[in-house]
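Novice: For reference, this is protein.txt, and it has compact mmCIF, C-alpha atoms.
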# COMPACT_ATOMS: atom_id res chain seq x y z
CA MET A 13 0.00 0.00 0.00
CA SER A 14 1.86 3.11 -1.22
CA VAL A 15 1.60 6.57 0.31
CA LEU A 16 -0.37 9.05 -1.79
CA SER A 17 1.30 12.27 -2.95
CA ASP A 18 -0.03 15.63 -1.74
CA GLU A 19 -1.65 16.10 -5.14
CA GLN A 20 -3.36 12.71 -4.99
CA VAL A 21 -4.61 13.45 -1.46
CA SER A 22 -6.04 16.80 -2.56
CA GLU A 23 -7.80 15.19 -5.52
CA ARG A 24 -9.37 12.50 -3.38
CA LEU A 25 -10.38 14.95 -0.65
CA ALA A 26 -12.15 17.10 -3.26
CA GLY A 27 -14.48 14.16 -3.94
CA LEU A 28 -15.19 13.51 -0.28
CA ASP A 29 -17.59 15.67 1.71
CA GLY A 30 -16.85 16.57 5.31
CA TRP A 31 -13.28 15.30 5.60
CA THR A 32 -10.25 17.51 6.08
CA ARG A 33 -6.54 16.76 6.00
CA GLN A 34 -4.53 17.12 9.19
CA GLY A 35 -0.90 16.24 8.47
CA ASP A 36 -0.68 12.52 7.71
CA SER A 37 -4.36 11.94 8.54
CA ILE A 38 -7.83 12.76 7.26
CA VAL A 39 -10.40 13.77 9.86
CA HIS A 40 -14.19 13.76 9.95
CA VAL A 41 -16.34 15.24 12.72
CA ALA A 42 -19.90 13.91 12.92
CA THR A 43 -22.47 15.63 15.14
CA LEU A 44 -25.35 13.42 16.24
CA ALA A 45 -28.53 14.11 18.22
CA ASP A 46 -27.20 12.83 21.55
CA PHE A 47 -24.90 10.24 23.16
CA LYS A 48 -27.06 7.27 22.19
CA ALA A 49 -27.12 8.37 18.55
CA ALA A 50 -23.35 8.92 18.67
CA MET A 51 -22.84 5.37 19.99
CA LEU A 52 -25.02 3.88 17.23
CA TYR A 53 -22.96 5.80 14.67
CA VAL A 54 -19.72 4.53 16.24
CA GLY A 55 -21.11 0.98 16.04
CA ALA A 56 -21.65 1.35 12.29
CA VAL A 57 -18.20 2.89 11.78
CA ALA A 58 -16.64 0.08 13.82
CA TYR A 59 -18.36 -2.54 11.67
CA LEU A 60 -17.05 -0.96 8.48
CA ALA A 61 -13.58 -0.59 10.01
CA GLU A 62 -13.44 -4.20 11.15
CA SER A 63 -14.66 -5.39 7.72
CA ALA A 64 -11.92 -3.34 6.02
CA ASN A 65 -9.37 -4.39 8.66
CA HIS A 66 -8.49 -0.70 8.89
CA HIS A 67 -9.35 1.24 12.03
CA PRO A 68 -9.75 4.97 12.57
CA ASP A 69 -9.02 6.60 15.87
CA ILE A 70 -12.45 7.40 17.30
CA ALA A 71 -13.15 10.15 19.84
CA ILE A 72 -16.62 10.46 21.37
CA GLY A 73 -17.64 13.65 23.18
CA TRP A 74 -21.32 13.17 24.08
CA ASN A 75 -22.95 13.84 20.67
CA THR A 76 -19.77 14.47 18.68
CA VAL A 77 -17.67 11.75 17.04
CA THR A 78 -14.27 12.58 15.59
CA LEU A 79 -12.74 10.02 13.22
CA THR A 80 -9.05 10.17 12.31
CA LEU A 81 -7.76 7.93 9.52
CA SER A 82 -4.15 7.24 8.53
CA THR A 83 -2.17 4.21 7.36
CA HIS A 84 0.40 4.05 10.15
CA SER A 85 2.12 0.98 8.65
CA ALA A 86 2.79 2.95 5.43
CA GLY A 87 3.67 6.20 7.22
CA GLY A 88 1.00 8.32 5.57
CA LEU A 89 -2.29 8.42 3.69
CA THR A 90 -3.08 5.57 1.30
CA ALA A 91 -5.99 4.40 -0.87
CA LYS A 92 -7.12 2.36 2.17
CA ASP A 93 -7.90 5.54 4.10
CA PHE A 94 -9.99 7.00 1.32
CA ALA A 95 -11.81 3.72 0.64
CA LEU A 96 -12.93 3.55 4.28
CA ALA A 97 -13.71 7.29 4.43
CA GLU A 98 -16.00 6.87 1.42
CA GLN A 99 -17.82 3.97 3.05
CA ILE A 100 -18.24 5.94 6.28
CA SER A 101 -19.56 8.96 4.38
CA LYS A 102 -22.23 6.78 2.82
CA LEU A 103 -23.64 6.19 6.32
CA GLY A 104 -24.91 9.77 5.96
CA MET B 14 -23.82 18.51 42.69
CA SER B 15 -20.92 20.26 44.46
CA VAL B 16 -17.31 20.24 43.30
CA LEU B 17 -15.01 18.11 45.45
CA SER B 18 -11.99 19.67 47.14
CA ASP B 19 -8.47 18.56 46.17
CA GLU B 20 -8.34 16.59 49.41
CA GLN B 21 -11.64 14.83 48.70
CA VAL B 22 -10.48 14.02 45.15
CA SER B 23 -7.22 12.54 46.46
CA GLU B 24 -9.10 10.42 49.02
CA ARG B 25 -11.48 9.05 46.43
CA LEU B 26 -8.72 8.42 43.89
CA ALA B 27 -6.83 6.40 46.52
CA GLY B 28 -9.73 3.94 46.61
CA LEU B 29 -9.97 3.65 42.84
CA ASP B 30 -7.54 1.51 40.84
CA GLY B 31 -6.25 2.69 37.48
CA TRP B 32 -7.60 6.23 37.45
CA THR B 33 -5.43 9.35 37.56
CA ARG B 34 -6.29 13.01 37.96
CA GLN B 35 -5.66 15.39 35.07
CA GLY B 36 -6.75 18.88 36.07
CA ASP B 37 -10.52 18.95 36.44
CA SER B 38 -10.88 15.37 35.15
CA ILE B 39 -10.11 11.80 36.12
CA VAL B 40 -8.73 9.55 33.40
CA HIS B 41 -8.61 5.80 32.88
CA VAL B 42 -6.78 4.00 30.09
CA ALA B 43 -7.94 0.45 29.35
CA THR B 44 -5.93 -1.81 27.07
CA LEU B 45 -7.92 -4.61 25.43
CA ALA B 46 -6.93 -7.51 23.17
CA ASP B 47 -7.86 -5.84 19.89
CA PHE B 48 -10.32 -3.41 18.27
CA LYS B 49 -13.32 -5.74 18.66
CA ALA B 50 -12.64 -6.18 22.36
CA ALA B 51 -12.18 -2.42 22.71
CA MET B 52 -15.58 -1.82 21.08
CA LEU B 53 -17.28 -4.32 23.41
CA TYR B 54 -15.73 -2.54 26.38
CA VAL B 55 -16.92 0.83 25.03
CA GLY B 56 -20.42 -0.63 24.68
CA ALA B 57 -20.45 -1.59 28.35
CA VAL B 58 -19.08 1.82 29.41
CA ALA B 59 -21.71 3.54 27.25
CA TYR B 60 -24.49 1.53 28.89
CA LEU B 61 -23.30 2.51 32.38
CA ALA B 62 -22.88 6.14 31.27
CA GLU B 63 -26.35 6.33 29.78
CA SER B 64 -27.87 4.71 32.89
CA ALA B 65 -26.10 7.27 35.09
CA ASN B 66 -26.95 10.10 32.66
CA HIS B 67 -23.29 11.06 32.94
CA HIS B 68 -20.98 10.60 29.94
CA PRO B 69 -17.21 10.34 29.81
CA ASP B 70 -15.23 11.47 26.79
CA ILE B 71 -14.18 8.23 25.11
CA ALA B 72 -11.15 7.87 22.82
CA ILE B 73 -10.56 4.60 20.98
CA GLY B 74 -7.17 3.85 19.41
CA TRP B 75 -7.42 0.29 18.07
CA ASN B 76 -7.09 -1.71 21.35
CA THR B 77 -6.78 1.25 23.72
CA VAL B 78 -9.72 3.09 25.28
CA THR B 79 -9.16 6.35 27.17
CA LEU B 80 -12.02 7.54 29.40
CA THR B 81 -12.09 11.11 30.72
CA LEU B 82 -14.65 12.03 33.36
CA SER B 83 -15.56 15.48 34.64
CA THR B 84 -18.76 17.27 35.67
CA HIS B 85 -18.71 20.15 33.19
CA SER B 86 -21.97 21.63 34.53
CA ALA B 87 -20.38 21.95 37.98
CA GLY B 88 -16.98 23.08 36.68
CA GLY B 89 -14.96 20.29 38.25
CA LEU B 90 -14.96 16.80 39.77
CA THR B 91 -18.03 15.71 41.72
CA ALA B 92 -19.35 12.56 43.41
CA LYS B 93 -21.02 11.72 40.06
CA ASP B 94 -17.62 11.23 38.41
CA PHE B 95 -16.41 8.87 41.11
CA ALA B 96 -19.68 6.93 41.21
CA LEU B 97 -19.42 6.22 37.47
CA ALA B 98 -15.67 5.54 37.64
CA GLU B 99 -16.34 2.91 40.33
CA GLN B 100 -18.97 1.22 38.19
CA ILE B 101 -16.66 1.21 35.18
CA SER B 102 -13.83 -0.23 37.26
CA LYS B 103 -16.09 -3.13 38.26
CA LEU B 104 -16.25 -4.15 34.59
CA GLY B 105 -12.67 -5.37 35.22
Translate this structure into structure tokens?

Specialist:
Amino acid sequence: MSVLSDEQVSERLAGLDGWTRQGDSIVHVATLADFKAAMLYVGAVAYLAESANHHPDIAIGWNTVTLTLSTHSAGGLTAKDFALAEQISKLG
Amino acid sequence: MSVLSDEQVSERLAGLDGWTRQGDSIVHVATLADFKAAMLYVGAVAYLAESANHHPDIAIGWNTVTLTLSTHSAGGLTAKDFALAEQISKLG
């Protein structure tokens, strides 16, 4: 899994709503109705992550869920990060 | 719900394994076998939190779960934080 260039990252981010780049990661902040809704969302993200065998860092602050994706084994952002980000975005 | 004094916080922390004070919060880091186990642990913590109507910040990093408890509405640590921390600690 090769690390994407800055140009490739920018191109892929342009096609992906609600994600921003932070250094070697892409980050998405989801705001839900309340803690229960946030936990249900995290459950769905966790299922997708486990299926992809690729796991974001997940931070839950009551109704806010922050997802941080990076391919640590490759030392940067790879196609794997964007594939999972796209799946997560489809959760709506 | 009144804010506990430094002395009261120290006393209560002494009776609570695996939690440390960080400013106006108490923090617990749990290390599980893998991501799936971490998610199951988070599910149990979330159930206890929802039952207590008191919610820690939860950060998941693959097999590591960091819980941060504080009573924001009171501006510090209260009996509510320690009551929930004790319940969480009983999960083992």

Novice: Counting only C-alpha atoms, a student should be able to say which residues of chain A come within 6 Å of chain B; what is the right answer, written as an NGL selection string?

Specialist: :A and (69-73)

Novice: Quick one, how far is CA of Ser101 in chain A from CA of Ala50 in chain B?

Specialist: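 Computed distance, CA of Ser101 in chain A to CA of Ala50 in chain B, equals 24.5 Å.
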
Novice: List as a ChimeraX atom specification the protein and nucleic acid residues near Ala64 in chain A, meaning an atom at most 10 Å away when all atoms listed in the file are counted, but skip any in the same chain fewer than 4 places from it.

Specialist: /A:58-60,92-93,95-96,99

Novice: Show me, as a CSV table (one decimal) with C-alpha atoms, in the coordinates of the input, the residues that have an atom within 12 Å of Ser23 in chain B when counting all atoms listed in the file, minus same-chain residues fewer than 2 positions from it.

Specialist:
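Wrote it out as selection-v2.csv, contents follow:
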chain,number,residue,atom,x,y,z
B,17,LEU,CA,-15.0,18.1,45.4
B,18,SER,CA,-12.0,19.7,47.1
B,19,ASP,CA,-8.5,18.6,46.2
B,20,GLU,CA,-8.3,16.6,49.4
B,21,GLN,CA,-11.6,14.8,48.7
B,25,ARG,CA,-11.5,9.0,46.4
B,26,LEU,CA,-8.7,8.4,43.9
B,27,ALA,CA,-6.8,6.4,46.5
B,28,GLY,CA,-9.7,3.9,46.6
B,29,LEU,CA,-10.0,3.6,42.8
B,32,TRP,CA,-7.6,6.2,37.4
B,33,THR,CA,-5.4,9.4,37.6
B,34,ARG,CA,-6.3,13.0,38.0
B,35,GLN,CA,-5.7,15.4,35.1
B,39,ILE,CA,-10.1,11.8,36.1
B,90,LEU,CA,-15.0,16.8,39.8
B,95,PHE,CA,-16.4,8.9,41.1

Novice: Measuring atom to atom with only C-alpha atoms, identify which of A:Val57, A:Ser63, A:Val41, A:Asn75 is nearest to Lys102 in chain A.

Specialist: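 Of A:Val57, A:Ser63, A:Val41, A:Asn75, the one nearest Lys102 in chain A is A:Val57, counting only C-alpha atoms.
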
Novice: Could you give me the centre and size, in Å to one decimal, of an axis-aligned box around all listed atoms of range 30-37 of chain B with 3 Å added on every side, as lines of an AutoDock Vina configuration file?

Specialist:
center_x = -8.0
center_y = 10.2
center_z = 38.0
size_x = 11.1
size_y = 23.4
size_z = 11.8

Novice: Could you tell me how far CA of Asp47 in chain B lies from CA of Ser14 in chain A, in Å and to one decimal?

Specialist: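 Distance between the two atoms: 24.9 Å.
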
Novice: Would you work out the distance separating CA of Ala97 in chain A from CA of Ser37 in chain A, expressed in Å to one decimal?

Specialist: 11.2 Å
